[in-house]
Structures are given as structure tokens and as C-alpha cells.
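**Student:** Data file final.pdb (PDB, C-alpha atoms and all ligand atoms) is appended below.
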MODEL        1
ATOM      1  CA  MET A 181      -9.085  45.833 113.296
ATOM      2  CA  ALA A 182     -11.054  49.072 113.078
ATOM      3  CA  GLU A 183     -14.288  49.028 114.995
ATOM      4  CA  HIS A 184     -16.532  49.009 111.927
ATOM      5  CA  GLU A 185     -14.649  46.201 110.226
ATOM      6  CA  LEU A 186     -15.063  42.474 110.481
ATOM      7  CA  PRO A 187     -12.027  40.313 111.167
ATOM      8  CA  THR A 188     -10.023  39.620 108.010
ATOM      9  CA  GLY A 189     -10.601  36.302 106.277
ATOM     10  CA  PHE A 190     -14.389  36.541 106.351
ATOM     11  CA  ARG A 191     -15.754  36.047 102.860
ATOM     12  CA  TYR A 192     -19.331  36.302 101.683
ATOM     13  CA  LEU A 193     -19.784  34.694  98.250
ATOM     14  CA  PRO A 194     -23.349  35.407  97.096
ATOM     15  CA  ALA A 195     -24.897  33.156  94.447
ATOM     16  CA  TYR A 196     -21.909  30.811  94.495
ATOM     17  CA  LEU A 197     -24.120  27.913  93.351
ATOM     18  CA  ASP A 198     -26.564  28.265  90.479
ATOM     19  CA  ARG A 199     -30.029  26.743  90.659
ATOM     20  CA  PRO A 200     -29.138  23.374  89.060
ATOM     21  CA  ALA A 201     -26.184  22.994  91.440
ATOM     22  CA  GLN A 202     -28.472  23.809  94.389
ATOM     23  CA  GLU A 203     -31.021  21.241  93.217
ATOM     24  CA  ALA A 204     -28.331  18.585  92.851
ATOM     25  CA  LEU A 205     -27.032  19.376  96.327
ATOM     26  CA  VAL A 206     -30.512  19.124  97.851
ATOM     27  CA  GLU A 207     -30.774  15.601  96.414
ATOM     28  CA  GLU A 208     -27.444  14.739  98.055
ATOM     29  CA  VAL A 209     -28.673  16.146 101.355
ATOM     30  CA  ARG A 210     -31.872  14.087 101.071
ATOM     31  CA  ALA A 211     -29.750  10.962 100.737
ATOM     32  CA  VAL A 212     -27.668  11.980 103.766
ATOM     33  CA  VAL A 213     -30.800  12.579 105.840
ATOM     34  CA  ALA A 214     -32.287   9.249 104.728
ATOM     35  CA  ALA A 215     -29.212   7.461 106.118
ATOM     36  CA  ALA A 216     -28.640   9.766 109.105
ATOM     37  CA  PRO A 217     -31.983  11.218 110.231
ATOM     38  CA  LEU A 218     -32.309  14.782 111.486
ATOM     39  CA  TYR A 219     -32.652  14.946 115.274
ATOM     40  CA  VAL A 220     -33.196  17.610 117.904
ATOM     41  CA  PRO A 221     -29.901  18.532 119.565
ATOM     42  CA  GLN A 222     -29.833  19.479 123.252
ATOM     43  CA  MET A 223     -27.832  22.216 124.946
ATOM     44  CA  PRO A 224     -25.124  21.021 127.339
ATOM     45  CA  LYS A 225     -26.114  20.795 131.036
ATOM     46  CA  THR A 226     -29.641  22.207 130.669
ATOM     47  CA  GLY A 227     -30.726  19.715 128.011
ATOM     48  CA  ARG A 228     -32.747  22.499 126.452
ATOM     49  CA  PRO A 229     -33.686  21.572 122.859
ATOM     50  CA  MET A 230     -32.220  23.680 120.062
ATOM     51  CA  SER A 231     -34.702  25.001 117.503
ATOM     52  CA  VAL A 232     -32.531  23.780 114.634
ATOM     53  CA  ARG A 233     -32.610  20.089 113.690
ATOM     54  CA  MET A 234     -29.267  18.514 112.867
ATOM     55  CA  THR A 235     -27.401  15.665 111.308
ATOM     56  CA  ASN A 236     -23.937  15.264 109.773
ATOM     57  CA  CYS A 237     -21.939  13.664 107.046
ATOM     58  CA  GLY A 238     -18.207  13.009 107.052
ATOM     59  CA  SER A 239     -15.863  10.891 109.141
ATOM     60  CA  LEU A 240     -16.832  13.005 112.158
ATOM     61  CA  GLY A 241     -20.046  14.732 113.135
ATOM     62  CA  TRP A 242     -20.677  17.585 115.560
ATOM     63  CA  VAL A 243     -23.206  16.667 118.232
ATOM     64  CA  THR A 244     -24.460  18.068 121.510
ATOM     65  CA  ASP A 245     -26.600  16.702 124.321
ATOM     66  CA  ARG A 246     -27.200  17.300 128.010
ATOM     67  CA  GLU A 247     -24.721  14.738 129.316
ATOM     68  CA  GLY A 248     -21.895  14.947 126.794
ATOM     69  CA  GLY A 249     -21.953  18.590 125.705
ATOM     70  CA  TYR A 250     -20.470  19.837 122.431
ATOM     71  CA  ARG A 251     -18.224  17.306 120.716
ATOM     72  CA  TYR A 252     -17.341  15.448 117.557
ATOM     73  CA  GLN A 253     -18.047  11.750 117.179
ATOM     74  CA  GLU A 254     -17.861   9.114 114.468
ATOM     75  CA  THR A 255     -21.430   7.895 114.786
ATOM     76  CA  HIS A 256     -25.001   9.192 114.711
ATOM     77  CA  PRO A 257     -26.283   9.590 118.294
ATOM     78  CA  LEU A 258     -29.605   7.806 117.619
ATOM     79  CA  THR A 259     -28.773   5.141 115.041
ATOM     80  CA  GLY A 260     -25.223   4.428 116.242
ATOM     81  CA  GLN A 261     -24.174   4.201 112.574
ATOM     82  CA  PRO A 262     -21.181   5.959 110.994
ATOM     83  CA  TRP A 263     -22.114   9.214 109.256
ATOM     84  CA  PRO A 264     -22.572   9.060 105.457
ATOM     85  CA  ALA A 265     -19.792  10.453 103.266
ATOM     86  CA  ILE A 266     -19.539  14.146 102.425
ATOM     87  CA  PRO A 267     -20.927  14.681  98.891
ATOM     88  CA  ALA A 268     -18.259  15.334  96.241
ATOM     89  CA  ALA A 269     -19.845  18.673  95.321
ATOM     90  CA  LEU A 270     -19.166  19.947  98.848
ATOM     91  CA  LEU A 271     -15.569  18.693  98.817
ATOM     92  CA  ARG A 272     -15.120  20.650  95.607
ATOM     93  CA  ILE A 273     -16.457  23.861  97.157
ATOM     94  CA  TRP A 274     -14.093  23.396 100.119
ATOM     95  CA  GLU A 275     -11.129  23.170  97.723
ATOM     96  CA  GLU A 276     -12.244  26.025  95.492
ATOM     97  CA  VAL A 277     -12.924  28.697  98.099
ATOM     98  CA  TYR A 278      -9.790  28.380 100.226
ATOM     99  CA  GLY A 279      -7.419  25.695  99.005
ATOM    100  CA  TYR A 280      -6.760  24.231 102.433
ATOM    101  CA  PRO A 281      -4.423  21.245 101.884
ATOM    102  CA  LYS A 282      -6.526  18.727 103.816
ATOM    103  CA  PRO A 283     -10.167  17.775 103.246
ATOM    104  CA  PRO A 284     -12.973  18.603 105.667
ATOM    105  CA  GLN A 285     -13.766  15.866 108.199
ATOM    106  CA  ALA A 286     -17.213  17.030 109.229
ATOM    107  CA  CYS A 287     -20.201  18.518 107.488
ATOM    108  CA  LEU A 288     -22.858  19.669 109.899
ATOM    109  CA  VAL A 289     -26.330  19.721 108.350
ATOM    110  CA  ASN A 290     -28.613  22.261 110.015
ATOM    111  CA  PHE A 291     -32.295  22.394 109.128
ATOM    112  CA  TYR A 292     -34.202  25.550 110.074
ATOM    113  CA  ASP A 293     -37.981  25.657 109.917
ATOM    114  CA  GLY A 294     -39.660  29.074 109.816
ATOM    115  CA  GLU A 295     -39.270  29.551 113.575
ATOM    116  CA  ALA A 296     -35.728  28.278 114.060
ATOM    117  CA  LYS A 297     -32.691  30.404 114.821
ATOM    118  CA  MET A 298     -29.202  30.059 116.230
ATOM    119  CA  GLY A 299     -27.660  32.285 118.881
ATOM    120  CA  LEU A 300     -24.290  33.994 118.478
ATOM    121  CA  HIS A 301     -21.484  31.512 119.033
ATOM    122  CA  GLN A 302     -17.959  30.617 117.995
ATOM    123  CA  ASP A 303     -17.056  27.355 116.251
ATOM    124  CA  ARG A 304     -14.330  26.194 118.604
ATOM    125  CA  ASP A 305     -14.742  22.483 119.244
ATOM    126  CA  GLU A 306     -12.128  21.708 116.577
ATOM    127  CA  ARG A 307      -8.473  21.017 117.298
ATOM    128  CA  ASP A 308      -7.401  22.968 114.225
ATOM    129  CA  PHE A 309      -8.217  26.632 113.691
ATOM    130  CA  GLU A 310      -5.917  26.942 110.665
ATOM    131  CA  ALA A 311      -8.532  25.387 108.424
ATOM    132  CA  PRO A 312     -11.482  27.588 107.507
ATOM    133  CA  VAL A 313     -15.145  26.970 108.234
ATOM    134  CA  VAL A 314     -17.062  26.925 104.950
ATOM    135  CA  SER A 315     -20.833  27.131 104.936
ATOM    136  CA  VAL A 316     -23.408  26.735 102.184
ATOM    137  CA  SER A 317     -27.006  27.979 102.364
ATOM    138  CA  LEU A 318     -29.954  26.290 100.632
ATOM    139  CA  GLY A 319     -33.639  27.197 100.677
ATOM    140  CA  ASP A 320     -35.240  30.115 102.474
ATOM    141  CA  GLN A 321     -33.268  33.254 103.223
ATOM    142  CA  CYS A 322     -31.997  34.012 106.697
ATOM    143  CA  LEU A 323     -30.576  36.931 108.595
ATOM    144  CA  PHE A 324     -26.989  35.896 109.346
ATOM    145  CA  ARG A 325     -25.071  37.940 111.892
ATOM    146  CA  ILE A 326     -21.312  38.016 112.258
ATOM    147  CA  GLY A 327     -19.124  39.943 114.672
ATOM    148  CA  GLY A 328     -15.616  39.938 116.068
ATOM    149  CA  THR A 329     -13.635  37.344 117.926
ATOM    150  CA  VAL A 330     -14.751  38.649 121.307
ATOM    151  CA  ARG A 331     -18.364  38.628 122.430
ATOM    152  CA  GLY A 332     -19.853  42.119 122.381
ATOM    153  CA  ALA A 333     -17.847  43.397 119.399
ATOM    154  CA  GLN A 334     -19.860  45.167 116.725
ATOM    155  CA  THR A 335     -21.717  42.835 114.373
ATOM    156  CA  ARG A 336     -22.916  43.042 110.787
ATOM    157  CA  SER A 337     -25.869  41.274 109.261
ATOM    158  CA  PHE A 338     -26.224  39.667 105.862
ATOM    159  CA  ARG A 339     -29.349  38.259 104.310
ATOM    160  CA  LEU A 340     -28.108  34.879 103.100
ATOM    161  CA  SER A 341     -29.903  33.334 100.125
ATOM    162  CA  SER A 342     -29.979  29.888  98.611
ATOM    163  CA  GLY A 343     -26.667  29.161  96.909
ATOM    164  CA  ASP A 344     -24.632  31.623  98.969
ATOM    165  CA  VAL A 345     -21.352  30.512 100.529
ATOM    166  CA  VAL A 346     -19.699  32.002 103.619
ATOM    167  CA  VAL A 347     -16.062  31.421 104.574
ATOM    168  CA  LEU A 348     -14.684  31.994 108.061
ATOM    169  CA  GLY A 349     -10.939  31.816 107.544
ATOM    170  CA  GLY A 350      -7.879  33.474 109.013
ATOM    171  CA  GLU A 351      -8.642  35.924 111.769
ATOM    172  CA  SER A 352     -12.391  35.474 111.262
ATOM    173  CA  ARG A 353     -12.158  31.724 111.961
ATOM    174  CA  LEU A 354     -13.202  32.392 115.561
ATOM    175  CA  SER A 355     -15.709  35.160 114.835
ATOM    176  CA  PHE A 356     -18.989  35.065 116.705
ATOM    177  CA  HIS A 357     -21.847  34.315 114.323
ATOM    178  CA  GLY A 358     -25.451  33.227 114.378
ATOM    179  CA  VAL A 359     -28.802  33.235 112.626
ATOM    180  CA  ASP A 360     -31.348  35.749 113.909
ATOM    181  CA  ARG A 361     -34.259  34.562 111.819
ATOM    182  CA  ILE A 362     -35.501  32.767 108.743
ATOM    183  CA  PHE A 363     -37.644  34.464 106.085
ATOM    184  CA  PRO A 364     -40.255  31.811 105.218
ATOM    185  CA  GLY A 365     -41.450  31.611 101.632
ATOM    186  CA  THR A 366     -38.386  33.306 100.110
ATOM    187  CA  SER A 367     -37.184  30.272  98.140
ATOM    188  CA  THR A 368     -38.817  27.585  96.036
ATOM    189  CA  LEU A 369     -35.873  25.177  96.344
ATOM    190  CA  LEU A 370     -37.254  23.062  99.189
ATOM    191  CA  ARG A 371     -40.743  21.692  98.561
ATOM    192  CA  ASN A 372     -41.891  22.257 102.132
ATOM    193  CA  GLY A 373     -39.864  25.402 102.781
ATOM    194  CA  GLY A 374     -37.216  25.991 105.416
ATOM    195  CA  ARG A 375     -33.492  26.498 105.225
ATOM    196  CA  ILE A 376     -30.597  24.060 105.103
ATOM    197  CA  ASN A 377     -27.124  25.128 106.124
ATOM    198  CA  LEU A 378     -24.159  22.879 105.419
ATOM    199  CA  THR A 379     -21.061  23.687 107.466
ATOM    200  CA  LEU A 380     -17.752  22.075 106.480
ATOM    201  CA  ARG A 381     -15.036  21.821 109.089
ATOM    202  CA  ARG A 382     -11.643  20.282 109.635
ATOM    203  CA  VAL A 383     -11.352  18.911 113.172
ATOM    204  CA  ASP A 384      -7.774  17.579 113.403
ATOM    205  CA  PRO A 385      -4.615  19.453 112.402
TER     206      PRO A 385
HETATM  207  C1  LIG B 401     -23.760  27.458 112.251
HETATM  208  O1  LIG B 401     -23.088  28.364 112.693
HETATM  209  O2  LIG B 401     -23.617  26.270 112.623
HETATM  210  C2  LIG B 401     -24.823  27.698 111.210
HETATM  211  C3  LIG B 401     -24.732  29.003 110.522
HETATM  212  C4  LIG B 401     -25.814  29.132 109.489
HETATM  213  O3  LIG B 401     -26.854  28.473 109.605
HETATM  214  O4  LIG B 401     -25.660  29.906 108.536
HETATM  215 FE   FE2 B 402     -21.279  28.072 113.772
ENDMDL
END
Let's see the structure in the file written out as C-alpha cells.

**Tutor:**
Amino acid sequence: MAEHELPTGFRYLPAYLDRPAQEALVEEVRAVVAAAPLYVPQMPKTGRPMSVRMTNCGSLGWVTDREGGYRYQETHPLTGQPWPAIPAALLRIWEEVYGYPKPPQACLVNFYDGEAKMGLHQDRDERDFEAPVVSVSLGDQCLFRIGGTVRGAQTRSFRLSSGDVVVLGGESRLSFHGVDRIFPGTSTLLRNGGRINLTLRRVDP
């Protein structure tokens, strides 16, 4: 990999979803959040709250708290209920963009208010790195940063808009990535503003 290039397999698909598809997906996310409320995740060990609020849908959900650290589990940490199903529209996107032979098991729902951000990290709590990570953006724009598979490699930034899809597949599956900031007021999709990111993952081989 040349120094100015990102790992292969990274795909940025701007405007993948048109406005009606985004609106339909927001309704699906509202139903997910009604069944599995957003909560404030905590960093492992320190218990420090993350600025992003989270929930999940799928047979597994990604959670983190002081005692248990990063992990996948079958139930919501506050309600103890199984996560709601992944909406069909998201399963379709997963199939269309990569064609991985097995469906995603987890869909992490991240909600960013105007102040929220997410530090550079790798998605590596899965037991299968063959499957891609597929993420869908809804609502306000953000500054998304992606780099190499080692910390400190050069990064590039993309301004992600509502309806954009990002795929971390192949070599880029373990790329460091994060969200530097949200641009409040850049979308009319969500009545009260903010950004939703939906991240589809396969956990088991
Ligand atoms: C994540 O890495 O979990 C979220 C990325 C994003 O919000 O675009
Ligand atoms: Fe991530």
C-alpha cells in the first residue's frame, strides 16, 4: 500500500439511498429505538461515558461498559430483552454492496447529537474479519476519518451525508476510523437534528 492510499476494499458510496428510502429507514430506526432504547455506553475500565448514544438490532448487539468491556450480547443491557430484528432494507443493502454469503448478525445504531464524536478505532470484537463492515449514514453530515490498519498511518477525511454508505471490506476491514465532528443543521431528515449511523456486522464465521 502506497503511503497516500487507503487499504484496498474501502468503498465510499455517496447518495446510495434516495430521500424516500432514507425516510423509510428512519421510521424503521424509530421502531427499533422504541423497543430497544438508546443508552449511554461506557468505556471499559474507566467507565467514562461515550458521547454517542447507542442501541442495536439483530441477533447480537455490540455493547460496552466499565465492568464487561467491549463485547457482543443477545440482549439489551438495560431492558434485558432480545434486540429487535434488523430491518429488511438494511439486509438488502448488506447483500447489494458486497454479496457476503451470510447475513449480518448485528446492527449497531449510533446516535450523534451536535457535540458527539467517536475516536479513531478498529472494529475488531468480531470473530470473523472476512465479512465486511457496512455502514449507513442518516441525518446531519459528519467528518468521517479513515486510515490504515496500523495506528498512526496517514488518514483521509470524508464528509458523510445522509444516505451515504461506507464499506470496510478486504484489507480495509481493520482500518482505523472515527468521526471527528458533526455538522449540525446540514440535514432536514431528522426532526430534531443529529446523525444516525447504522453499522452492520457479521460476528461469527
Ligand atoms: C462506528 O465506527 O461505529 C461509527 C462510524 C460512523 O458513525 O460513521
Ligand atoms: Fe467502528

**Student:** Applying 12 Å and all atoms listed in the file, which residues near Gly349 of chain A remain after dropping the ones on its own chain fewer than 4 positions away? List them as a PyMOL selection string.

**Tutor:** chain A and resi 186-192+274+277-280+303+308-315+353-355+380-382

**Student:** Which residues, named as in the file, does the PyMOL selection byres (((chain A and resi 258) around 10) and not hetatm) pick out? Answer as a VMD selection string.

**Tutor:** chain A and resid 216 to 219 255 to 257 259 to 261

**Student:** Can you measure atom CA of Cys287 of chain A to atom CA of Asn372 of chain A for me? One decimal in Å is fine.

**Tutor:** 22.7 Å

**Student:** Taking all atoms listed in the file into account, list the residues no farther than 9 Å from ligand LIG 401 (chain B), as a PyMOL selection string.

**Tutor:** chain A and resi 232+288-292+297-303+315-317+322-325+340+346+356-359+375-379

**Student:** Of the candidates A:Glu306, A:Asp344, A:Asp293, A:Asp384, which shows the shortest atom-to-atom distance to ligand FE2 402 (chain B), using all atoms listed in the file?

**Tutor:**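 Ranked by minimum distance to ligand FE2 402 (chain B), first place goes to A:Glu306.
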
**Student:** Can you translate the PyMOL selection byres (((chain A and resi 222) around 9) and not hetatm) into the concrete residues it hits in this file, as number ranges by chain?

**Tutor:** A: 220-221, 223-230, 243-246, 249

**Student:** Using only C-alpha atoms and all ligand atoms, which of A:Arg304, A:Gly374, A:Gly350, A:Arg336 sits nearest ligand FE2 402 (chain B)?

**Tutor:**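 Under the stated criterion, the closest residue is A:Arg304.
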
**Student:** Nearest to Ser352 of chain A: which of A:Thr329, A:Ser239, A:Thr368, A:Gln334 is it, counting all atoms listed in the file?

**Tutor:**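 Smallest distance to Ser352 of chain A is found for A:Thr329.
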
**Student:** Check the smallest atom-to-atom distance from each of A:Ala215, A:Asp305, A:Ile266, A:Glu208 to ligand FE2 402 (chain B) using only C-alpha atoms and all ligand atoms, then report the winner.

**Tutor:** A:Asp305

**Student:** I need the residue nearest ligand FE2 402 (chain B) from this list: A:Val347, A:Ala269, A:Ala211, A:Leu193. Use all atoms listed in the file for the distance.

**Tutor:**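 Closest to ligand FE2 402 (chain B), using all atoms listed in the file: A:Val347.
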
**Student:** Using only C-alpha atoms, which of the listed residues (A:Val213, A:Val330, A:Leu318, A:Ala286) sits closest to Ala201 of chain A?

**Tutor:** A:Leu318

**Student:** Which neighbours of Tyr252 of chain A fall inside 8 Å, counting only C-alpha atoms, when residues of the same chain fewer than 2 positions from it are skipped, and could you give them as a CSV table (one decimal) with C-alpha atoms, keeping the file's coordinate frame?

**Tutor:**
chain,number,residue,atom,x,y,z
A,240,LEU,CA,-16.8,13.0,112.2
A,241,GLY,CA,-20.0,14.7,113.1
A,242,TRP,CA,-20.7,17.6,115.6
A,243,VAL,CA,-23.2,16.7,118.2
A,250,TYR,CA,-20.5,19.8,122.4
A,254,GLU,CA,-17.9,9.1,114.5
A,305,ASP,CA,-14.7,22.5,119.2

**Student:** Please measure the separation of atom CA of Gln285 of chain A and atom CA of Gly238 of chain A, giving the value in Å to one decimal.

**Tutor:**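 Straight-line distance from atom CA of Gln285 of chain A to atom CA of Gly238 of chain A works out to 5.4 Å.
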
**Student:** Show which residues sit within 9 Å of Ser341 of chain A, as a count of residues only. Count all atoms listed in the file, and ignore same-chain residues fewer than 5 positions away.

**Tutor:** 10

**Student:** Just give me the residues with any atom within 7 Å of (-30.9, 19.6, 96.4), file coordinates, counting all atoms listed in the file, written as a ChimeraX atom specification.

**Tutor:** /A:202-209

**Student:** What's the separation between atom CA of Asn236 of chain A and atom CA of Pro264 of chain A, in Å to one decimal place?

**Tutor:**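 Distance reported for this atom pair: 7.7 Å.
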
**Student:** When you get a chance, write out N, CA and C atoms for segment 267-295 of chain A, as an mmCIF file, keeping the file's coordinate frame.

**Tutor:**
data_model
loop_
_atom_site.group_PDB
_atom_site.id
_atom_site.type_symbol
_atom_site.label_atom_id
_atom_site.label_comp_id
_atom_site.auth_asym_id
_atom_site.auth_seq_id
_atom_site.Cartn_x
_atom_site.Cartn_y
_atom_site.Cartn_z
ATOM 1 N N PRO A 267 -20.753 14.675 100.351
ATOM 2 C CA PRO A 267 -20.927 14.681 98.891
ATOM 3 C C PRO A 267 -19.756 15.371 98.183
ATOM 4 N N ALA A 268 -19.408 14.821 97.009
ATOM 5 C CA ALA A 268 -18.259 15.334 96.241
ATOM 6 C C ALA A 268 -18.409 16.823 95.925
ATOM 7 N N ALA A 269 -19.640 17.260 95.671
ATOM 8 C CA ALA A 269 -19.845 18.673 95.321
ATOM 9 C C ALA A 269 -19.399 19.589 96.457
ATOM 10 N N LEU A 270 -19.580 19.134 97.694
ATOM 11 C CA LEU A 270 -19.166 19.947 98.848
ATOM 12 C C LEU A 270 -17.644 19.928 99.008
ATOM 13 N N LEU A 271 -17.034 18.774 98.742
ATOM 14 C CA LEU A 271 -15.569 18.693 98.817
ATOM 15 C C LEU A 271 -14.944 19.642 97.790
ATOM 16 N N ARG A 272 -15.608 19.752 96.661
ATOM 17 C CA ARG A 272 -15.120 20.650 95.607
ATOM 18 C C ARG A 272 -15.192 22.108 96.069
ATOM 19 N N ILE A 273 -16.313 22.480 96.681
ATOM 20 C CA ILE A 273 -16.457 23.861 97.157
ATOM 21 C C ILE A 273 -15.363 24.171 98.176
ATOM 22 N N TRP A 274 -15.138 23.234 99.094
ATOM 23 C CA TRP A 274 -14.093 23.396 100.119
ATOM 24 C C TRP A 274 -12.741 23.705 99.462
ATOM 25 N N GLU A 275 -12.416 22.957 98.405
ATOM 26 C CA GLU A 275 -11.129 23.170 97.723
ATOM 27 C C GLU A 275 -11.106 24.502 96.993
ATOM 28 N N GLU A 276 -12.209 24.819 96.329
ATOM 29 C CA GLU A 276 -12.244 26.025 95.492
ATOM 30 C C GLU A 276 -12.128 27.312 96.301
ATOM 31 N N VAL A 277 -12.806 27.394 97.428
ATOM 32 C CA VAL A 277 -12.924 28.697 98.099
ATOM 33 C C VAL A 277 -11.714 29.050 98.953
ATOM 34 N N TYR A 278 -10.880 28.074 99.296
ATOM 35 C CA TYR A 278 -9.790 28.380 100.226
ATOM 36 C C TYR A 278 -8.494 27.658 99.880
ATOM 37 N N GLY A 279 -8.616 26.445 99.351
ATOM 38 C CA GLY A 279 -7.419 25.695 99.005
ATOM 39 C C GLY A 279 -6.681 25.133 100.199
ATOM 40 N N TYR A 280 -7.413 24.856 101.284
ATOM 41 C CA TYR A 280 -6.760 24.231 102.433
ATOM 42 C C TYR A 280 -6.244 22.852 102.005
ATOM 43 N N PRO A 281 -5.022 22.478 102.418
ATOM 44 C CA PRO A 281 -4.423 21.245 101.884
ATOM 45 C C PRO A 281 -5.072 19.942 102.331
ATOM 46 N N LYS A 282 -5.869 19.970 103.386
ATOM 47 C CA LYS A 282 -6.526 18.727 103.816
ATOM 48 C C LYS A 282 -8.036 18.857 103.680
ATOM 49 N N PRO A 283 -8.712 17.716 103.453
ATOM 50 C CA PRO A 283 -10.167 17.775 103.246
ATOM 51 C C PRO A 283 -10.919 18.018 104.556
ATOM 52 N N PRO A 284 -12.164 18.466 104.465
ATOM 53 C CA PRO A 284 -12.973 18.603 105.667
ATOM 54 C C PRO A 284 -13.285 17.221 106.246
ATOM 55 N N GLN A 285 -13.401 17.143 107.561
ATOM 56 C CA GLN A 285 -13.766 15.866 108.199
ATOM 57 C C GLN A 285 -15.237 15.813 108.554
ATOM 58 N N ALA A 286 -15.826 16.984 108.767
ATOM 59 C CA ALA A 286 -17.213 17.030 109.229
ATOM 60 C C ALA A 286 -18.021 17.987 108.379
ATOM 61 N N CYS A 287 -19.239 17.598 108.089
ATOM 62 C CA CYS A 287 -20.201 18.518 107.488
ATOM 63 C C CYS A 287 -21.455 18.474 108.344
ATOM 64 N N LEU A 288 -21.652 19.553 109.083
ATOM 65 C CA LEU A 288 -22.858 19.669 109.899
ATOM 66 C C LEU A 288 -24.010 20.100 109.006
ATOM 67 N N VAL A 289 -25.123 19.385 109.108
ATOM 68 C CA VAL A 289 -26.330 19.721 108.350
ATOM 69 C C VAL A 289 -27.333 20.308 109.338
ATOM 70 N N ASN A 290 -27.636 21.584 109.153
ATOM 71 C CA ASN A 290 -28.613 22.261 110.015
ATOM 72 C C ASN A 290 -29.885 22.481 109.220
ATOM 73 N N PHE A 291 -31.022 22.083 109.788
ATOM 74 C CA PHE A 291 -32.295 22.394 109.128
ATOM 75 C C PHE A 291 -33.082 23.368 109.997
ATOM 76 N N TYR A 292 -33.438 24.512 109.394
ATOM 77 C CA TYR A 292 -34.202 25.550 110.074
ATOM 78 C C TYR A 292 -35.616 25.560 109.507
ATOM 79 N N ASP A 293 -36.618 25.367 110.376
ATOM 80 C CA ASP A 293 -37.981 25.657 109.917
ATOM 81 C C ASP A 293 -38.204 27.167 110.081
ATOM 82 N N GLY A 294 -39.404 27.636 109.814
ATOM 83 C CA GLY A 294 -39.660 29.074 109.816
ATOM 84 C C GLY A 294 -39.398 29.757 111.151
ATOM 85 N N GLU A 295 -39.416 28.987 112.229
ATOM 86 C CA GLU A 295 -39.270 29.551 113.575
ATOM 87 C C GLU A 295 -37.850 29.432 114.112
#
